[in-house]
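Below is my_file11.pdb, holding PDB, C-alpha atoms, pLDDT in the B column.
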ATOM      1  CA  MET W   1      17.898  11.022 -13.687  1.00 70.00           C
ATOM      2  CA  SER W   2      14.789  12.021 -15.582  1.00 90.00           C
ATOM      3  CA  THR W   3      11.489  11.948 -13.750  1.00 96.00           C
ATOM      4  CA  TYR W   4       8.667   9.561 -14.578  1.00 97.00           C
ATOM      5  CA  PRO W   5       5.259   8.770 -13.087  1.00 98.00           C
ATOM      6  CA  ALA W   6       5.442   6.319 -10.204  1.00 98.00           C
ATOM      7  CA  PRO W   7       3.403   3.194 -10.825  1.00 98.00           C
ATOM      8  CA  GLU W   8       0.788   2.364  -8.210  1.00 98.00           C
ATOM      9  CA  LEU W   9       1.564  -0.175  -5.500  1.00 98.00           C
ATOM     10  CA  PRO W  10       0.076  -3.613  -6.170  1.00 98.00           C
ATOM     11  CA  GLY W  11      -3.263  -3.782  -4.383  1.00 96.00           C
ATOM     12  CA  ASN W  12      -2.650  -7.194  -2.850  1.00 95.00           C
ATOM     13  CA  LEU W  13       0.425  -6.294  -0.782  1.00 97.00           C
ATOM     14  CA  GLN W  14       0.060  -7.005   2.919  1.00 97.00           C
ATOM     15  CA  TRP W  15       0.399  -3.939   5.175  1.00 98.00           C
ATOM     16  CA  LEU W  16       2.007  -5.169   8.397  1.00 97.00           C
ATOM     17  CA  ASN W  17       1.585  -2.237  10.764  1.00 97.00           C
ATOM     18  CA  ALA W  18      -0.703   0.285   9.080  1.00 97.00           C
ATOM     19  CA  PRO W  19      -4.008   0.429   7.237  1.00 97.00           C
ATOM     20  CA  ALA W  20      -3.746  -0.235   3.509  1.00 97.00           C
ATOM     21  CA  SER W  21      -3.091   2.849   1.410  1.00 96.00           C
ATOM     22  CA  SER W  22      -1.937   3.750  -2.082  1.00 97.00           C
ATOM     23  CA  LEU W  23       0.588   6.113  -3.594  1.00 98.00           C
ATOM     24  CA  HIS W  24      -2.318   8.091  -5.019  1.00 97.00           C
ATOM     25  CA  GLU W  25      -3.549   8.702  -1.464  1.00 97.00           C
ATOM     26  CA  GLN W  26      -0.088  10.055  -0.597  1.00 95.00           C
ATOM     27  CA  ARG W  27      -0.259  12.829  -3.233  1.00 95.00           C
ATOM     28  CA  GLY W  28       0.775  16.139  -1.773  1.00 95.00           C
ATOM     29  CA  ARG W  29       3.538  14.500   0.268  1.00 94.00           C
ATOM     30  CA  VAL W  30       7.006  13.326  -0.694  1.00 97.00           C
ATOM     31  CA  VAL W  31       7.250   9.535  -0.388  1.00 98.00           C
ATOM     32  CA  ALA W  32      10.434   7.573   0.223  1.00 98.00           C
ATOM     33  CA  LEU W  33       9.620   4.053  -0.996  1.00 98.00           C
ATOM     34  CA  VAL W  34      12.301   1.866   0.566  1.00 98.00           C
ATOM     35  CA  PHE W  35      12.739  -1.664  -0.800  1.00 98.00           C
ATOM     36  CA  VAL W  36      14.424  -3.748   1.885  1.00 97.00           C
ATOM     37  CA  ASN W  37      15.097  -7.221   3.135  1.00 95.00           C
ATOM     38  CA  ALA W  38      14.339  -7.616   6.851  1.00 93.00           C
ATOM     39  CA  ALA W  39      17.433  -9.729   7.520  1.00 90.00           C
ATOM     40  CA  SER W  40      19.908  -7.454   5.735  1.00 92.00           C
ATOM     41  CA  ALA W  41      22.261  -5.192   7.683  1.00 92.00           C
ATOM     42  CA  TRP W  42      22.539  -2.974   4.590  1.00 93.00           C
ATOM     43  CA  SER W  43      18.766  -2.597   4.547  1.00 95.00           C
ATOM     44  CA  TRP W  44      18.804  -1.731   8.252  1.00 93.00           C
ATOM     45  CA  GLN W  45      21.338   1.024   7.558  1.00 94.00           C
ATOM     46  CA  ARG W  46      19.233   2.451   4.747  1.00 95.00           C
ATOM     47  CA  LEU W  47      16.085   2.339   6.924  1.00 96.00           C
ATOM     48  CA  HIS W  48      18.005   4.224   9.610  1.00 95.00           C
ATOM     49  CA  ASP W  49      19.022   6.869   7.036  1.00 94.00           C
ATOM     50  CA  VAL W  50      15.434   7.295   5.858  1.00 95.00           C
ATOM     51  CA  ALA W  51      14.182   7.479   9.464  1.00 95.00           C
ATOM     52  CA  GLN W  52      16.623  10.357  10.052  1.00 94.00           C
ATOM     53  CA  LEU W  53      15.260  12.175   6.997  1.00 94.00           C
ATOM     54  CA  HIS W  54      11.725  11.547   8.273  1.00 94.00           C
ATOM     55  CA  THR W  55      12.680  13.154  11.580  1.00 94.00           C
ATOM     56  CA  ARG W  56      14.295  16.093   9.785  1.00 94.00           C
ATOM     57  CA  TYR W  57      11.219  16.710   7.589  1.00 91.00           C
ATOM     58  CA  PRO W  58       8.196  15.840   9.754  1.00 90.00           C
ATOM     59  CA  GLY W  59       4.900  15.930   7.918  1.00 89.00           C
ATOM     60  CA  ARG W  60       6.648  16.468   4.576  1.00 92.00           C
ATOM     61  CA  LEU W  61       8.237  13.046   4.000  1.00 96.00           C
ATOM     62  CA  GLN W  62       6.317   9.763   4.213  1.00 97.00           C
ATOM     63  CA  PRO W  63       8.573   6.704   4.253  1.00 98.00           C
ATOM     64  CA  LEU W  64       7.082   3.363   3.218  1.00 98.00           C
ATOM     65  CA  ALA W  65       9.184   0.223   3.686  1.00 98.00           C
ATOM     66  CA  VAL W  66       8.567  -2.622   1.245  1.00 98.00           C
ATOM     67  CA  ASN W  67      10.000  -5.898   2.522  1.00 98.00           C
ATOM     68  CA  VAL W  68      10.932  -8.312  -0.253  1.00 98.00           C
ATOM     69  CA  PRO W  69      11.858 -11.744   1.154  1.00 97.00           C
ATOM     70  CA  ARG W  70      15.076 -13.409   0.112  1.00 94.00           C
ATOM     71  CA  PHE W  71      14.808 -16.523   2.292  1.00 92.00           C
ATOM     72  CA  ASP W  72      11.838 -18.651   3.329  1.00 93.00           C
ATOM     73  CA  CYS W  73      11.872 -17.397   6.929  1.00 90.00           C
ATOM     74  CA  GLU W  74      11.418 -13.858   5.581  1.00 93.00           C
ATOM     75  CA  ARG W  75       8.078 -14.826   4.054  1.00 95.00           C
ATOM     76  CA  ASP W  76       6.557 -14.893   7.562  1.00 97.00           C
ATOM     77  CA  PRO W  77       4.973 -11.467   8.203  1.00 97.00           C
ATOM     78  CA  GLN W  78       5.457 -11.744  11.976  1.00 96.00           C
ATOM     79  CA  TYR W  79       9.175 -12.423  11.507  1.00 96.00           C
ATOM     80  CA  VAL W  80       9.473  -9.383   9.236  1.00 96.00           C
ATOM     81  CA  LEU W  81       7.569  -7.141  11.612  1.00 95.00           C
ATOM     82  CA  LYS W  82       9.678  -8.309  14.559  1.00 95.00           C
ATOM     83  CA  GLN W  83      12.952  -7.731  12.688  1.00 94.00           C
ATOM     84  CA  LEU W  84      12.027  -4.270  11.483  1.00 94.00           C
ATOM     85  CA  ARG W  85      10.561  -3.160  14.804  1.00 93.00           C
ATOM     86  CA  ARG W  86      13.788  -4.347  16.433  1.00 93.00           C
ATOM     87  CA  GLN W  87      15.540  -1.878  14.157  1.00 90.00           C
ATOM     88  CA  GLY W  88      13.227   0.909  15.306  1.00 92.00           C
ATOM     89  CA  VAL W  89      11.120   1.138  12.143  1.00 94.00           C
ATOM     90  CA  THR W  90       7.862   2.894  12.998  1.00 94.00           C
ATOM     91  CA  PHE W  91       6.662   3.918   9.545  1.00 96.00           C
ATOM     92  CA  PRO W  92       4.385   1.675   7.414  1.00 97.00           C
ATOM     93  CA  ILE W  93       5.767  -1.669   6.285  1.00 97.00           C
ATOM     94  CA  LEU W  94       4.450  -3.546   3.272  1.00 98.00           C
ATOM     95  CA  HIS W  95       5.172  -7.205   2.609  1.00 98.00           C
ATOM     96  CA  ASP W  96       5.905  -8.033  -1.053  1.00 98.00           C
ATOM     97  CA  LEU W  97       5.783 -11.845  -0.882  1.00 96.00           C
ATOM     98  CA  ASP W  98       5.648 -12.465  -4.622  1.00 96.00           C
ATOM     99  CA  TRP W  99       8.011  -9.657  -5.637  1.00 98.00           C
ATOM    100  CA  GLN W 100       5.206  -7.827  -7.488  1.00 98.00           C
ATOM    101  CA  ALA W 101       6.163  -4.318  -6.335  1.00 98.00           C
ATOM    102  CA  TRP W 102       9.851  -5.160  -6.877  1.00 98.00           C
ATOM    103  CA  GLN W 103       9.097  -5.973 -10.526  1.00 98.00           C
ATOM    104  CA  ARG W 104       6.608  -3.148 -11.066  1.00 98.00           C
ATOM    105  CA  PHE W 105       9.130  -0.532  -9.900  1.00 98.00           C
ATOM    106  CA  GLY W 106      12.091  -2.161 -11.698  1.00 98.00           C
ATOM    107  CA  ILE W 107      14.105  -2.776  -8.534  1.00 98.00           C
ATOM    108  CA  GLU W 108      17.366  -4.666  -8.986  1.00 96.00           C
ATOM    109  CA  ALA W 109      18.994  -4.773  -5.539  1.00 96.00           C
ATOM    110  CA  TRP W 110      18.428  -4.369  -1.802  1.00 95.00           C
ATOM    111  CA  PRO W 111      18.191  -1.744  -0.471  1.00 97.00           C
ATOM    112  CA  THR W 112      16.741   0.673  -3.012  1.00 97.00           C
ATOM    113  CA  VAL W 113      15.061   3.975  -2.189  1.00 97.00           C
ATOM    114  CA  LEU W 114      12.738   5.690  -4.650  1.00 98.00           C
ATOM    115  CA  LEU W 115      11.980   9.309  -3.880  1.00 97.00           C
ATOM    116  CA  ILE W 116       8.525  10.181  -5.220  1.00 98.00           C
ATOM    117  CA  ASP W 117       7.557  13.841  -5.265  1.00 98.00           C
ATOM    118  CA  ALA W 118       4.227  15.314  -4.146  1.00 97.00           C
ATOM    119  CA  ASN W 119       2.892  15.008  -7.714  1.00 97.00           C
ATOM    120  CA  GLY W 120       3.607  11.269  -7.951  1.00 98.00           C
ATOM    121  CA  GLN W 121       6.792  11.541 -10.039  1.00 98.00           C
ATOM    122  CA  VAL W 122       9.850   9.405  -9.269  1.00 98.00           C
ATOM    123  CA  ARG W 123      12.615  11.962  -8.794  1.00 97.00           C
ATOM    124  CA  GLU W 124      15.509   9.887  -7.497  1.00 96.00           C
ATOM    125  CA  ARG W 125      16.649   6.276  -7.129  1.00 96.00           C
ATOM    126  CA  VAL W 126      19.373   5.307  -4.667  1.00 95.00           C
ATOM    127  CA  THR W 127      20.527   1.696  -4.809  1.00 94.00           C
ATOM    128  CA  GLY W 128      22.698  -0.107  -2.280  1.00 90.00           C
ATOM    129  CA  LEU W 129      24.596   2.107   0.081  1.00 80.00           C
ATOM    130  CA  ASP W 130      25.144   4.960  -2.364  1.00 71.00           C
ATOM    131  CA  SER W 131      25.076   8.383  -0.780  1.00 68.00           C
ATOM    132  CA  MET W 132      21.715   9.591   0.458  1.00 70.00           C
ATOM    133  CA  ALA W 133      22.851  13.210   0.019  1.00 61.00           C
ATOM    134  CA  GLU W 134      21.075  13.496  -3.338  1.00 55.00           C
ATOM    135  CA  LEU W 135      17.757  12.811  -1.600  1.00 60.00           C
ATOM    136  CA  GLU W 136      18.091  15.989   0.430  1.00 59.00           C
ATOM    137  CA  ARG W 137      18.308  18.249  -2.616  1.00 58.00           C
TER
END

Turn this file's structure into structure tokens for me.
Amino acid sequence: MSTYPAPELPGNLQWLNAPASSLHEQRGRVVALVFVNAASAWSWQRLHDVAQLHTRYPGRLQPLAVNVPRFDCERDPQYVLKQLRRQGVTFPILHDLDWQAWQRFGIEAWPTVLLIDANGQVRERVTGLDSMAELER
């Protein structure tokens, strides 16, 4: 995959458990932008994988979960926060109600992980339950 500059997160996304930030503010750190659906077991698995990487690379990898609702109940931020906390997610969670980030980043399926390097370049895209091994390169 060739690298390309990561677009900025839409400014109107709701941050559920952290102060609002931007990808520009994350420069200098590797960011794992994880597009998930709070009710999806596949998304839970991918979040678990990213959490393990976060533990393995403390201070070097910043995961950000972007919840994109599939069903009406998933539009409720408290429902989303409860579901993801139940899965042990402690890193920042953004709520993409209107699928703006999904469209901006060209996401096509849940879960998708974009690995953004310290210079703001998208280095890798892992969709579905493809192997996460390429993210550790």

Measuring between all atoms listed in the file, which one of W:Leu16, W:Ala118, W:Leu129, W:Ile107 shows the shortest distance to Val30 of chain W?
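Of the candidates, the smallest distance to Val30 of chain W is held by W:Ala118.
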
Find the spatial neighbours of Trp110 of chain W, counting only C-alpha atoms, within a cut-off of 7 Å - ignore same-chain residues fewer than 5 positions away - and output them as a PyMOL selection string.
chain W and resi 35-37+43+128

Residues matched by the PyMOL selection byres ((chain W and resi 89-93) around 12), written as a ChimeraX atom specification:
/W:13-22,31-38,43-52,54-55,61-68,77-78,80-88,94-96

Neighbour list for Glu124 of chain W as a list of chain:residue names, cut-off 10 Å, all atoms listed in the file, skip fewer than 4 positions in-chain:
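The filter keeps W:Met1, W:Ser2, W:Thr3, W:Tyr4, W:Ala32, W:Val113, W:Leu114, W:Leu115, W:Ile116, W:Asp117, W:Glu134, W:Leu135.
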
Could those residues be written to a file, using C-alpha atoms, as an mmCIF file, in the coordinates of the input?
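Final output, saved to result.cif:
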data_model
loop_
_atom_site.group_PDB
_atom_site.id
_atom_site.type_symbol
_atom_site.label_atom_id
_atom_site.label_comp_id
_atom_site.auth_asym_id
_atom_site.auth_seq_id
_atom_site.Cartn_x
_atom_site.Cartn_y
_atom_site.Cartn_z
ATOM 1 C CA MET W 1 17.898 11.022 -13.687
ATOM 2 C CA SER W 2 14.789 12.021 -15.582
ATOM 3 C CA THR W 3 11.489 11.948 -13.750
ATOM 4 C CA TYR W 4 8.667 9.561 -14.578
ATOM 5 C CA ALA W 32 10.434 7.573 0.223
ATOM 6 C CA VAL W 113 15.061 3.975 -2.189
ATOM 7 C CA LEU W 114 12.738 5.690 -4.650
ATOM 8 C CA LEU W 115 11.980 9.309 -3.880
ATOM 9 C CA ILE W 116 8.525 10.181 -5.220
ATOM 10 C CA ASP W 117 7.557 13.841 -5.265
ATOM 11 C CA GLU W 134 21.075 13.496 -3.338
ATOM 12 C CA LEU W 135 17.757 12.811 -1.600
#

Report, in Å to a single decimal, how far apart atom CA of Ala41 of chain W and atom CA of Val122 of chain W are.
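The value is 25.6 Å.
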
Within 9 Å of (1.9, 13.4, -13.4) (file coordinates; only C-alpha atoms), which protein or nucleic acid residues are there? I'd like them as a list in words.
Tyr4, Pro5, Ala6, Asn119, Gly120 and Gln121 of chain W

Closest of W:Arg125, W:Asn12, W:His24, W:Asp72 to Ala101 of chain W - atom-to-atom distances counting only C-alpha atoms:
W:Asn12

Residue nearest Thr127 of chain W among W:Trp99, W:Tyr79, W:Trp42, W:Arg29 (counting all atoms listed in the file):
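Residue with the minimum atom-to-atom distance to Thr127 of chain W: W:Trp42.
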
Grab all the atoms of segment 7-12 of chain W that the file lists, wrap them in a box along x, y and z, add 3 Å per side, and give me centre plus edge lengths in Å (one decimal) as lines of an AutoDock Vina configuration file.
center_x = 0.1
center_y = -2.0
center_z = -6.8
size_x = 12.7
size_y = 16.4
size_z = 14.0

As an exercise, work out the distance from atom CA of Gln100 of chain W to atom CA of Arg75 of chain W in Å and give it to one decimal place.
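Atom-to-atom, atom CA of Gln100 of chain W and atom CA of Arg75 of chain W are spaced 13.8 Å apart.
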
For Met132 of chain W, the nearest of the candidates W:Pro111, W:Leu23, W:Leu97, W:Gly59, counting all atoms listed in the file:
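Closest candidate: W:Pro111.
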
Report, in Å with one decimal, the straight-line distance from atom CA of Ser40 of chain W to atom CA of Arg56 of chain W.
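So the two atoms, atom CA of Ser40 of chain W and atom CA of Arg56 of chain W, lie 24.5 Å apart.
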